[in-house]
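Peer 1: Sharing a structure here in structure tokens format.
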Amino acid sequence: MRIKVPASTSNIGPGFDTLGLAVSLYNIFEVERSDRFEIEIQGYNGSMTDPDRNLFIRSYNRVFQLFGEGVTPIKLIQRNNIPVARGLGSSATAIAGGIETACRMLKRYLTVEEKLKIAFEFEPHPDNLLPAFLGGFVVACMDGDGLYYEKLPFPDDIKIVFIVPDIKVSTEEARAILPDRVSFRDAVSNIQRVSLLISSLINKDFSKLRKAVSDNLHEPYRSRFIPYYDELKDVCYRNGAEAVFISGSGPTVGIFTLAGEERIGRSGVEFLRGKGIRADYLITSVDERGILAEV
């Protein structure tokens, strides 16, 4: 069995814990039955071979437990193409992949909502998990124990570039730095901008994107983890970017552009390298399908 799960970028500026977008960068999980658990990891985070710590195996085991079934051991080859601890949803791919694999092993059907309920035990962030399962551009709302979401069209005109500094930032670190309270003014500002962002994307009025991705809730704090973030944004905008924002909890920087994606990516990387910071860039598009399984 082969499971392919897309990366995601979340928040997209003002849409904190609300907006998520699946992109064409994938972690791939190849699974076969075995008499014991074996894990081989290729690519990023090659040390995560302990079944008790591996998110894919943990979520896989949880599904068996919930169905009251004995766990079927597997050999897992995990091809990690998504940088880890960079704000691109790598952990969400492992969780989604483990749940999907267990359901197929057991030949049991779960709705997306039921899968998400399991996934939330490991990572309660619908803005990454929903794109992993569904693909595309997703708006999520948590209300108590309930989850409400909509999948919206995302314009084909936009290319998505990521500048990935060689810096790791865990989600826990990135959340710990956030304040417990924000001002009424900042809250209103974000409501205005996330509304403008969604309407600009749906109406393809890209001239407003730069203003729309401005954020007051998390970027002023998380940008501390990204050296020269403000200067990097300026470099990207000067080279033709329509929108620049922190991807998820960072330190990856996400960029929307209509053209010149190679130029923007190179200029950002060259700027950071000039400051002594190793970085790479990725050019992606939207993944509309979400998790895919080949049996």
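Naming scheme: A, B, ... for chains in displayed order of the structure tokens; residues 1 onward per chain; ligands 1 onward as shown.
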Identify, on the basis of only C-alpha atoms, every residue whose closest approach to stretch 115-117 of chain A does not exceed 7 Å; exclude the query and any residue fewer than 4 positions from it along the same chain; express the result as a list in words.
Peer 2: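 Listing them by chain and then by number gives Ile99, Leu110 and Thr111 of chain A.
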Peer 1: Sort by chain and increasing residue number a table of all residues of stretch 119-193 of chain A within 12 Å of stretch 228-245 of chain A, each with its closest pair of atoms and their distance in Å to one decimal, counting only C-alpha atoms, and write it as a Markdown table.
Peer 2:
```
| residue | atom | partner | partner_atom | distance |
| --- | --- | --- | --- | --- |
| A:Asp157 | CA | A:Glu242 | CA | 11.5 |
| A:Ile158 | CA | A:Glu242 | CA | 9.0 |
| A:Lys159 | CA | A:Ala241 | CA | 9.8 |
| A:Ile160 | CA | A:Ala243 | CA | 9.7 |
| A:Val161 | CA | A:Ala241 | CA | 9.3 |
| A:Phe162 | CA | A:Val244 | CA | 9.6 |
| A:Ile163 | CA | A:Leu232 | CA | 9.6 |
| A:Val164 | CA | A:Leu232 | CA | 11.8 |
| A:Pro165 | CA | A:Tyr229 | CA | 10.7 |
```
Peer 1: Considering only C-alpha atoms, state which residue in the set A:Asp205, A:Asp180, A:Asp287, A:Glu262 is at the smallest distance from A:Leu217.
Peer 2: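 The answer is A:Asp180, which sits nearest to A:Leu217.
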Peer 1: Using DSSP assignments from the backbone, pull out every residue in stretch 35-125 of chain A that falls under strand (DSSP E) and give it to me as a PyMOL selection string.
Peer 2: chain A and resi 38-43+74-80
Peer 1: Those selected residues, please, written with N, CA and C atoms and delivered as an mmCIF file, in the first residue's frame.
Peer 2:
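Result file follows (selection_19.cif):
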```cif
data_model
loop_
_atom_site.group_PDB
_atom_site.id
_atom_site.type_symbol
_atom_site.label_atom_id
_atom_site.label_comp_id
_atom_site.auth_asym_id
_atom_site.auth_seq_id
_atom_site.Cartn_x
_atom_site.Cartn_y
_atom_site.Cartn_z
ATOM 1 N N GLU A 38 8.632 -2.392 11.579
ATOM 2 C CA GLU A 38 9.921 -1.949 11.047
ATOM 3 C C GLU A 38 9.705 -0.586 10.392
ATOM 4 N N ILE A 39 10.627 0.332 10.636
ATOM 5 C CA ILE A 39 10.502 1.673 10.069
ATOM 6 C C ILE A 39 11.804 2.062 9.379
ATOM 7 N N GLU A 40 11.666 2.444 8.132
ATOM 8 C CA GLU A 40 12.793 3.008 7.384
ATOM 9 C C GLU A 40 12.375 4.406 6.932
ATOM 10 N N ILE A 41 13.195 5.393 7.237
ATOM 11 C CA ILE A 41 12.864 6.767 6.874
ATOM 12 C C ILE A 41 13.889 7.295 5.893
ATOM 13 N N GLN A 42 13.388 7.839 4.798
ATOM 14 C CA GLN A 42 14.239 8.453 3.787
ATOM 15 C C GLN A 42 13.918 9.944 3.737
ATOM 16 N N GLY A 43 14.939 10.753 3.606
ATOM 17 C CA GLY A 43 14.709 12.198 3.548
ATOM 18 C C GLY A 43 14.820 12.818 4.926
ATOM 19 N N ILE A 74 3.441 -3.708 10.758
ATOM 20 C CA ILE A 74 3.736 -3.331 9.375
ATOM 21 C C ILE A 74 5.208 -2.972 9.227
ATOM 22 N N LYS A 75 5.677 -3.092 7.996
ATOM 23 C CA LYS A 75 6.945 -2.500 7.603
ATOM 24 C C LYS A 75 6.609 -1.187 6.922
ATOM 25 N N LEU A 76 7.190 -0.104 7.400
ATOM 26 C CA LEU A 76 6.905 1.227 6.877
ATOM 27 C C LEU A 76 8.161 1.832 6.274
ATOM 28 N N ILE A 77 8.057 2.223 5.005
ATOM 29 C CA ILE A 77 9.081 3.062 4.385
ATOM 30 C C ILE A 77 8.474 4.446 4.267
ATOM 31 N N GLN A 78 9.042 5.391 4.983
ATOM 32 C CA GLN A 78 8.502 6.744 5.072
ATOM 33 C C GLN A 78 9.425 7.688 4.295
ATOM 34 N N ARG A 79 8.922 8.191 3.185
ATOM 35 C CA ARG A 79 9.718 9.078 2.333
ATOM 36 C C ARG A 79 9.331 10.525 2.655
ATOM 37 N N ASN A 80 10.149 11.158 3.462
ATOM 38 C CA ASN A 80 9.869 12.518 3.928
ATOM 39 C C ASN A 80 10.465 13.545 2.970
#
```
Peer 1: Between A:Val23, A:Ile3, A:Val71, A:Ile167, which one has atoms that come closest to A:Pro227, using only C-alpha atoms?
Peer 2: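 Of all the options, A:Ile167 lies closest to A:Pro227.
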Peer 1: Taking the backbone alone, and naming residues the way the document does, which bits of stretch 201-273 of chain A are alpha helix (DSSP H) by DSSP, as a ChimeraX atom specification?
Peer 2: /A:201-203,209-212,219-222,229-238,261-273
Peer 1: Calculated over only C-alpha atoms, which of the candidates A:Pro153, A:Pro14, A:Gly68, A:Gly136 has the smallest distance to A:Ile202?
Peer 2: A:Pro153
Peer 1: I'd like the neighbourhood of A:Lys208 as a list of chain:residue names, where a residue qualifies if any of its atoms comes within 10 Å (using only C-alpha atoms), though same-chain residues fewer than 2 positions away should be ignored.
Peer 2: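 The residues satisfying every condition are A:Arg193, A:Leu196, A:Leu197, A:Ser199, A:Ser200, A:Leu201, A:Lys204, A:Asp205, A:Phe206, A:Arg210, A:Lys211, A:Ala212, A:Val213, A:Glu242, A:Ala243.
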Peer 1: Check the smallest atom-to-atom distance from each of A:Glu121, A:Asp186, A:Glu113, A:Asp127 to A:Gly15 using only C-alpha atoms, then report the winner.
Peer 2: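 Smallest separation from A:Gly15 among the options: A:Asp127.
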Peer 1: If you measure from atom CA of A:Ser91 to atom CA of A:Asp17, what distance in Å do you get, rounded to one decimal?
Peer 2: 15.6 Å
Peer 1: For a quick check of understanding, using only C-alpha atoms, which of A:Tyr26, A:Phe256, A:Phe122, A:Phe225 has the smallest distance to A:Leu88?
Peer 2: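 Among A:Tyr26, A:Phe256, A:Phe122, A:Phe225, it is A:Tyr26 that comes nearest to A:Leu88.
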Peer 1: Restricting the calculation to only C-alpha atoms: of A:Asp145, A:Asp166, A:Thr171, A:Tyr221, which residue gets closest to A:Tyr281?
Peer 2: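 Between A:Asp145, A:Asp166, A:Thr171, A:Tyr221, the residue approaching A:Tyr281 most closely is A:Asp166.
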Peer 1: How many Å separate atom CA of A:Ile95 from atom CA of A:Leu282?
Peer 2: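 Result for atom CA of A:Ile95 versus atom CA of A:Leu282: 23.2 Å, one decimal.
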Peer 1: If we count only C-alpha atoms, what is near stretch 55-64 of chain A at a cut-off of 8 Å, once residues fewer than 5 positions away on the same chain are taken out, given as a list in words?
Peer 2: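 Answer for this query is Glu69, Gly70, Val71, Ser91, Ala94, Ile95, Ala96, Gly97, Gly98, Ile99, Glu100, Thr101, Ala102, Cys103, Leu106, Ile118, Ala119 and Phe122 of chain A.
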